[in-house]
Every structure is written in structure tokens, then in C-alpha cells.
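Next up, model.cif (mmCIF, C-alpha atoms):
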```
data_start
loop_
_atom_site.label_atom_id
_atom_site.label_comp_id
_atom_site.auth_asym_id
_atom_site.auth_seq_id
_atom_site.Cartn_x
_atom_site.Cartn_y
_atom_site.Cartn_z
CA MET F 1 241.78 25.12 92.87
CA THR F 2 243.27 23.39 95.85
CA ASP F 3 242.00 20.16 97.31
CA SER F 4 243.14 17.44 99.66
CA GLY F 5 244.33 14.07 98.46
CA SER F 6 245.71 10.85 99.84
CA SER F 7 249.23 9.66 99.20
CA THR F 8 249.74 7.16 96.41
CA PRO F 9 252.65 4.80 95.71
CA PRO F 10 254.85 6.02 92.89
CA GLU F 11 254.45 4.51 89.45
CA SER F 12 257.16 2.14 88.30
CA PRO F 13 259.14 3.64 85.41
CA SER F 14 259.15 0.30 83.64
CA THR F 15 255.40 0.16 83.05
CA SER F 16 252.64 2.38 81.69
CA ARG F 17 249.90 0.38 83.42
CA PRO F 18 247.57 2.65 85.44
CA VAL F 19 248.18 2.37 89.17
CA ARG F 20 245.14 2.52 91.44
CA GLY F 21 245.62 5.04 94.23
CA GLY F 22 243.55 6.49 96.98
CA SER F 23 241.97 9.02 94.61
CA GLY F 24 241.84 7.05 91.37
CA TRP F 25 244.13 5.56 88.76
CA LEU F 26 247.55 7.07 88.15
CA MET F 27 247.66 7.55 84.36
CA ALA F 28 250.69 9.72 83.62
CA ARG F 29 253.21 12.22 85.00
CA PRO F 30 253.38 15.18 82.58
CA PHE F 31 256.02 17.66 83.80
CA GLY F 32 256.48 15.28 86.74
CA ILE F 33 252.93 15.97 88.03
CA PRO F 34 250.91 12.80 88.79
CA VAL F 35 247.59 12.71 86.94
CA TYR F 36 244.82 10.60 88.45
CA VAL F 37 241.49 9.60 86.93
CA THR F 38 238.74 8.67 89.40
CA PRO F 39 236.15 5.95 88.74
CA SER F 40 233.47 8.65 88.51
CA TRP F 41 235.00 9.65 85.17
CA LEU F 42 233.74 6.35 83.71
CA ILE F 43 230.20 7.41 84.62
CA ILE F 44 230.42 10.79 82.90
CA ALA F 45 232.21 9.24 79.89
CA ALA F 46 229.29 6.84 79.47
CA VAL F 47 226.77 9.68 79.85
CA ILE F 48 228.58 11.86 77.28
CA THR F 49 228.80 8.91 74.88
CA LEU F 50 225.06 8.18 75.12
CA ILE F 51 224.07 11.84 74.78
CA TYR F 52 226.46 12.63 71.92
CA GLN F 53 225.93 9.40 69.92
CA PRO F 54 222.63 10.52 68.29
CA VAL F 55 224.33 13.74 67.14
CA VAL F 56 227.15 11.76 65.53
CA GLU F 57 224.70 9.34 63.94
CA ARG F 58 222.55 12.12 62.45
CA THR F 59 225.64 13.82 61.02
CA LEU F 60 227.70 10.87 59.80
CA GLN F 61 225.33 7.87 59.74
CA LEU F 62 227.98 5.44 60.99
CA GLY F 63 225.73 2.92 62.70
CA PRO F 64 227.28 1.28 65.80
CA LEU F 65 230.59 3.03 65.03
CA SER F 66 228.96 6.30 66.11
CA TYR F 67 229.22 5.12 69.75
CA LEU F 68 233.00 4.82 69.37
CA VAL F 69 233.25 8.33 67.88
CA ALA F 70 231.13 9.70 70.75
CA PHE F 71 233.40 7.97 73.28
CA VAL F 72 236.50 9.41 71.58
CA PHE F 73 234.93 12.84 72.02
CA ALA F 74 234.46 12.16 75.75
CA VAL F 75 238.15 11.22 76.04
CA LEU F 76 239.35 14.24 74.06
CA LEU F 77 237.12 16.52 76.14
CA TYR F 78 238.90 15.40 79.30
CA VAL F 79 242.26 15.77 77.60
CA SER F 80 241.25 19.41 77.16
CA VAL F 81 240.39 19.58 80.87
CA LEU F 82 243.78 18.06 81.69
CA ILE F 83 245.57 20.68 79.59
CA HIS F 84 243.57 23.37 81.42
CA GLU F 85 244.70 21.99 84.79
CA LEU F 86 248.30 21.60 83.62
CA ALA F 87 248.34 25.32 82.85
CA HIS F 88 247.44 26.03 86.50
CA SER F 89 249.95 23.54 87.85
CA VAL F 90 252.90 24.57 85.67
CA THR F 91 252.27 28.25 86.44
CA ALA F 92 252.09 27.46 90.17
CA ARG F 93 255.40 25.62 89.99
CA MET F 94 256.99 28.58 88.24
CA PHE F 95 256.21 30.57 91.39
CA GLY F 96 257.59 27.87 93.70
CA LEU F 97 254.20 26.49 94.76
CA PRO F 98 254.31 22.68 95.13
CA VAL F 99 251.71 20.68 93.19
CA SER F 100 250.90 17.25 94.56
CA ARG F 101 248.68 15.97 91.76
CA ILE F 102 245.97 16.61 89.18
CA THR F 103 242.74 14.65 89.51
CA LEU F 104 240.15 14.22 86.75
CA TYR F 105 236.69 13.30 88.00
CA MET F 106 233.02 13.50 87.05
CA LEU F 107 232.68 17.29 86.99
CA GLY F 108 236.06 18.14 85.49
CA GLY F 109 239.47 18.38 87.09
CA VAL F 110 241.33 19.83 90.05
CA SER F 111 244.95 20.88 90.51
CA GLU F 112 245.99 20.11 94.08
CA ILE F 113 248.34 23.00 94.88
CA GLU F 114 249.70 22.63 98.41
CA ARG F 115 250.11 26.32 99.21
CA GLU F 116 248.30 29.46 98.20
CA ALA F 117 250.11 32.13 96.25
CA PRO F 118 251.87 34.67 98.52
CA THR F 119 250.68 37.72 96.57
CA PRO F 120 247.47 38.67 94.74
CA GLY F 121 249.41 39.12 91.51
CA ARG F 122 250.65 35.54 91.56
CA GLU F 123 247.21 34.32 92.60
CA PHE F 124 245.81 36.09 89.54
CA LEU F 125 248.36 34.55 87.16
CA VAL F 126 247.91 31.01 88.48
CA ALA F 127 244.12 31.33 88.23
CA VAL F 128 243.95 32.95 84.80
CA SER F 129 246.40 30.58 83.10
CA GLY F 130 243.86 27.74 82.77
CA PRO F 131 241.01 29.69 81.13
CA VAL F 132 243.46 31.52 78.86
CA LEU F 133 244.88 28.25 77.55
CA SER F 134 241.37 26.83 77.07
CA LEU F 135 240.39 29.88 75.04
CA VAL F 136 243.59 29.60 72.99
CA LEU F 137 242.74 25.97 72.23
CA ALA F 138 239.21 27.03 71.28
CA ALA F 139 240.61 29.65 68.88
CA ALA F 140 243.02 27.12 67.37
CA GLY F 141 240.20 24.61 66.94
CA PHE F 142 237.99 27.26 65.34
CA VAL F 143 240.70 28.06 62.81
CA GLY F 144 241.46 24.37 62.23
CA TYR F 145 237.79 23.60 61.60
CA ARG F 146 237.90 25.81 58.52
CA PHE F 147 240.43 23.43 56.96
CA VAL F 148 238.58 20.14 57.51
CA GLU F 149 235.51 18.63 55.89
CA PRO F 150 232.56 19.16 58.29
CA GLN F 151 230.76 15.92 57.34
CA THR F 152 233.62 13.68 58.48
CA ILE F 153 234.68 12.15 61.79
CA VAL F 154 237.58 14.59 62.09
CA GLY F 155 235.35 17.52 61.24
CA VAL F 156 232.72 16.59 63.84
CA LEU F 157 235.32 16.06 66.59
CA VAL F 158 237.20 19.30 65.82
CA TRP F 159 233.96 21.30 65.88
CA GLN F 160 232.86 19.81 69.19
CA LEU F 161 236.28 20.28 70.77
CA TRP F 162 236.65 23.95 69.93
CA VAL F 163 233.14 24.59 71.26
CA ALA F 164 233.91 22.52 74.39
CA ASN F 165 237.14 24.42 75.07
CA LEU F 166 235.27 27.70 74.60
CA LEU F 167 232.67 26.63 77.16
CA VAL F 168 235.34 25.39 79.60
CA GLY F 169 237.22 28.69 79.32
CA VAL F 170 234.16 30.92 79.64
CA PHE F 171 232.50 28.90 82.41
CA ASN F 172 235.65 28.87 84.53
CA LEU F 173 235.79 32.68 84.32
CA LEU F 174 232.45 33.05 86.12
CA PRO F 175 233.07 35.16 89.25
CA GLY F 176 232.68 32.74 92.14
CA LEU F 177 234.77 30.24 94.07
CA PRO F 178 235.78 27.50 93.49
CA LEU F 179 235.93 28.48 89.81
CA ASP F 180 238.94 30.28 88.37
CA GLY F 181 236.88 33.45 88.00
CA GLY F 182 236.32 33.37 91.74
CA ARG F 183 240.06 33.24 92.31
CA LEU F 184 240.43 36.26 90.02
CA VAL F 185 237.84 38.11 92.14
CA ARG F 186 239.70 37.04 95.27
CA ALA F 187 242.99 38.33 93.86
CA ALA F 188 241.40 41.67 92.91
CA VAL F 189 239.78 42.22 96.34
CA TRP F 190 242.97 41.07 98.04
CA ALA F 191 245.00 43.61 96.04
CA ILE F 192 242.58 46.43 96.87
CA THR F 193 242.06 45.68 100.58
CA ARG F 194 245.42 44.04 101.34
CA ARG F 195 243.38 41.36 103.13
CA PRO F 196 243.34 37.90 101.53
CA ARG F 197 240.45 36.81 103.77
CA ALA F 198 238.29 39.66 102.46
CA GLY F 199 238.97 38.46 98.93
CA THR F 200 238.02 34.92 99.86
CA VAL F 201 234.75 36.00 101.51
CA VAL F 202 233.66 38.09 98.52
CA ALA F 203 234.59 35.39 95.99
CA ALA F 204 232.96 32.62 98.06
CA TRP F 205 229.68 34.50 98.32
CA GLY F 206 229.93 35.09 94.60
CA GLY F 207 230.13 31.31 94.23
CA ARG F 208 227.05 30.80 96.39
CA LEU F 209 225.06 33.31 94.33
CA LEU F 210 226.28 31.59 91.16
CA ALA F 211 225.09 28.22 92.48
CA VAL F 212 221.62 29.63 93.15
CA PHE F 213 221.52 31.18 89.68
CA ILE F 214 222.48 27.89 88.01
CA VAL F 215 219.59 26.06 89.72
CA ALA F 216 217.21 28.91 88.88
CA ILE F 217 217.90 28.73 85.13
CA PRO F 218 215.94 25.50 84.35
CA VAL F 219 213.22 26.47 86.84
CA LEU F 220 212.72 29.91 85.27
CA GLU F 221 212.81 28.40 81.80
CA GLY F 222 210.01 26.04 82.78
CA LEU F 223 207.96 28.93 84.15
CA ARG F 224 208.57 30.92 80.98
CA THR F 225 207.33 28.12 78.73
CA GLY F 226 204.55 27.06 81.09
CA SER F 227 205.87 23.51 81.34
CA ALA F 228 207.68 21.43 83.93
CA PRO F 229 211.47 21.94 84.06
CA ASN F 230 213.52 19.50 82.01
CA LEU F 231 214.38 16.75 84.50
CA ILE F 232 217.85 15.99 83.12
CA GLY F 233 218.71 19.68 82.89
CA LEU F 234 217.50 20.26 86.44
CA LEU F 235 219.53 17.32 87.78
CA TRP F 236 222.69 18.55 86.07
CA ALA F 237 222.06 22.05 87.41
CA LEU F 238 221.62 20.70 90.95
CA LEU F 239 224.79 18.61 90.66
CA LEU F 240 226.86 21.51 89.36
CA ALA F 241 225.38 23.98 91.84
CA SER F 242 226.07 21.66 94.78
CA PHE F 243 229.71 21.36 93.68
CA ILE F 244 230.08 25.15 93.50
CA TRP F 245 228.23 25.72 96.80
CA MET F 246 230.36 23.18 98.67
CA GLY F 247 233.56 24.59 97.17
CA ALA F 248 232.59 28.10 98.25
CA ALA F 249 231.69 26.89 101.76
CA SER F 250 235.03 25.07 102.02
CA ALA F 251 236.88 28.24 101.02
CA LEU F 252 235.08 30.19 103.77
CA ARG F 253 235.90 27.58 106.40
CA THR F 254 239.56 27.56 105.39
CA ALA F 255 239.72 31.37 105.49
CA ARG F 256 238.31 31.40 109.04
CA LEU F 257 240.82 28.79 110.19
CA ARG F 258 243.75 30.67 108.67
CA GLU F 259 242.65 33.87 110.35
CA ARG F 260 242.66 32.14 113.74
CA VAL F 261 245.87 30.16 113.08
CA PRO F 262 248.02 32.31 110.75
CA THR F 263 250.71 29.63 110.36
CA LEU F 264 248.25 26.96 109.23
CA ARG F 265 249.37 25.18 106.04
#
```

Take the structure from the file and write it as C-alpha cells.
Amino acid sequence: MTDSGSSTPPESPSTSRPVRGGSGWLMARPFGIPVYVTPSWLIIAAVITLIYQPVVERTLQLGPLSYLVAFVFAVLLYVSVLIHELAHSVTARMFGLPVSRITLYMLGGVSEIEREAPTPGREFLVAVSGPVLSLVLAAAGFVGYRFVEPQTIVGVLVWQLWVANLLVGVFNLLPGLPLDGGRLVRAAVWAITRRPRAGTVVAAWGGRLLAVFIVAIPVLEGLRTGSAPNLIGLLWALLLASFIWMGAASALRTARLRERVPTLR
């Protein structure tokens, strides 16, 4: 889950005001790792609020207050994403890998780790830490939901959050770069072949196949029902698939460069 980022002036310790940097607003420094939120997050927060508000209203009948509850869910969802990324970053630091920042954006989050792990075992541990923590949070939320009243604001938010963490954990385990599951595939192939580039190629092509499959889902569903594909579902599929495809292509380009210039950082 590496990415490039621009340098940003450090935040003054005397203020908690977000600082606008080259890749977003600097919001916090948990474990000393700068966390940035890009403007695109505002777009997805608004979309989540509008989509989730009718669900809240049907369940709780809060009137205009249901928009606030839906927005709180959008914020808590990205807190879950942040915790997922912190698991990657803290694990990477344990192995001496420098982490420049975490960035939250429209499609989730990215931990910007400046070097790749030196061994497939460490690559595996850095990659698996995020999904494992997400699944632990999902399990904790599932248990906690049994102790709250479902028809309350707390009950609705807890239910949605444990489901969201389950989806985040499971989705990230899909076997294709740039997802965590792709890094697990890369680590496994690397360990078997002793060639990190071979692992990258296999995992990247897994990502490309995954991108095609994601776009095919709404199309095939439309063919099955004899109707036109759901436009919103198709747009989300295209957006997500393009992200995965470009991440896989970037991984292949980087692998080729490193093979030609072994000392490339």
C-alpha cells in the first residue's frame, strides 16, 4: 500500500487546527504518523450521508436529525479505515520501514510506506495486519450489538459499523494488487520462487482480473434480470475497478524499474 506524496509543513504543537498540505488537510499524528484527509473525502461523506439517511429515517423516524446520524456514520466509517491503515503503518515501523503519512480519500485510505519489506514474511505481516484488525473490530461490534437496543441511534450505528468493518476486512483480502490480499499473494509467490518481481507480476494480474470481475458484476446482473444495469451501481463498479486496475499497473511498472535498477528506492 505504498504511494507517493508531497512534503507538508509540520503541524504546530500549540494548535489542533487542520493544516492544508499538498495532499489534503493534516488532521492528527497518531503514533507520530501524519494523517491527511483529502477534499475528495467531503464528496464521499456527502454521498454516504444522502444514501444512508433514508435507512436511518425508516428505522428511527428522526426527521432532519437523520441526516446528522447518517453523517456521523460516514465519519465513523473512515475512522475504521484509519484504524485499518494504522495497523499497516505501525507494523511496518516495527520492522524498521519508514512511514511518511496516511492519507484518507474518496475510496478509502493509503499508508505511504517508503520502502518495501525486505523479506516475504515481513511483507505478509505488514499486509495482513490491516484486514485482521478490521475483522477484529467487526467481531467486537457484532458482540457489542447484542447489548444495545437496535431501534436507537447507538444501535443503528453499531450495527452499520460492524458490517462496514467486516466488508472492509473481507474486501481487502481479495487476491489482487493494490489490495492487501494482493500483497499476501505477492508474499506467497515471492517466498516460493525467491523472486519478488514474480510475486508482483502474479498479484498485479490478479488485480487486473479482479477489476474486470467487479465491472462484470452489475452487467451480468442486468443480463440475468433482463433489465438495464443499475446506473449508480455500474458507476461505482467502474470507479472501483479503475482504482484497482491503475494500482496493479503501477505495481508492474515499479517492478520493471526495480529489475533494471536494483538500487532504486

Taking the file above as input, evaluate the PyMOL selection byres ((chain F and resi 76) around 12) and report the hits as a PyMOL selection string. chain F and resi 45+48-49+69-75+77-83+157-158+160-162+164-165

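Using the PyMOL selection byres ((chain F and resi 252) around 9) on this structure selects Arg197, Thr200, Val201, Ala204, Trp205, Gly247, Ala248, Ala249, Ser250, Ala251, Arg253, Thr254, Ala255, Arg256 and Leu257 of chain F.
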
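Look at stretch 54-62 of chain F: the protein and nucleic acid residues within 8 Å of it, using all atoms listed in the file and passing over chain neighbours fewer than 3 places away, are F:Leu50, F:Ile51, F:Leu65, F:Ser66, F:Val69, F:Ala70, F:Gln151, F:Thr152, F:Ile153, F:Val156.
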
Nearby residues (only C-alpha atoms) at most 7 Å from stretch 127-134 of chain F, same-chain spacing under 5 positions excluded, as a PyMOL selection string: chain F and resi 84-85+87-88+165-166+168-169+172-173+180+183-184

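Between atom CA of F:Leu68 and atom CA of F:Gly155 the interatomic distance comes to 15.3 Å.
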
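For the pair atom CA of F:Val154 and atom CA of F:Met106, the separation is 25.4 Å.
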
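When atom CA of F:Val212 is paired with atom CA of F:Phe243, their separation reads 11.6 Å.
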
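Each of F:Leu26, F:Phe95, F:Trp190, F:Ala117 was compared to F:Val202 using all atoms listed in the file, and F:Trp190 turns out to be the nearest.
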
Just the residues within 12 Å of stretch 236-238 of chain F, please, counting all atoms listed in the file, with nothing from its chain fewer than 4 positions along; format it as a PyMOL selection string. chain F and resi 44+47+106-107+210-219+229-232+242-246

Report as a PyMOL selection string the residues that result from applying the PyMOL selection byres ((chain F and resi 33) around 9) to the structure here. chain F and resi 28-32+34-35+86+89-90+99-102

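The nearest approach to F:Met94 among the residues F:Glu112, F:Leu125, F:Thr119, F:Leu179, with only C-alpha atoms taken into account, belongs to F:Leu125.
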
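Closest approach to F:Val170 among F:Pro98, F:Val136, F:Leu223, F:Leu104 is made by F:Val136 (distances from all atoms listed in the file).
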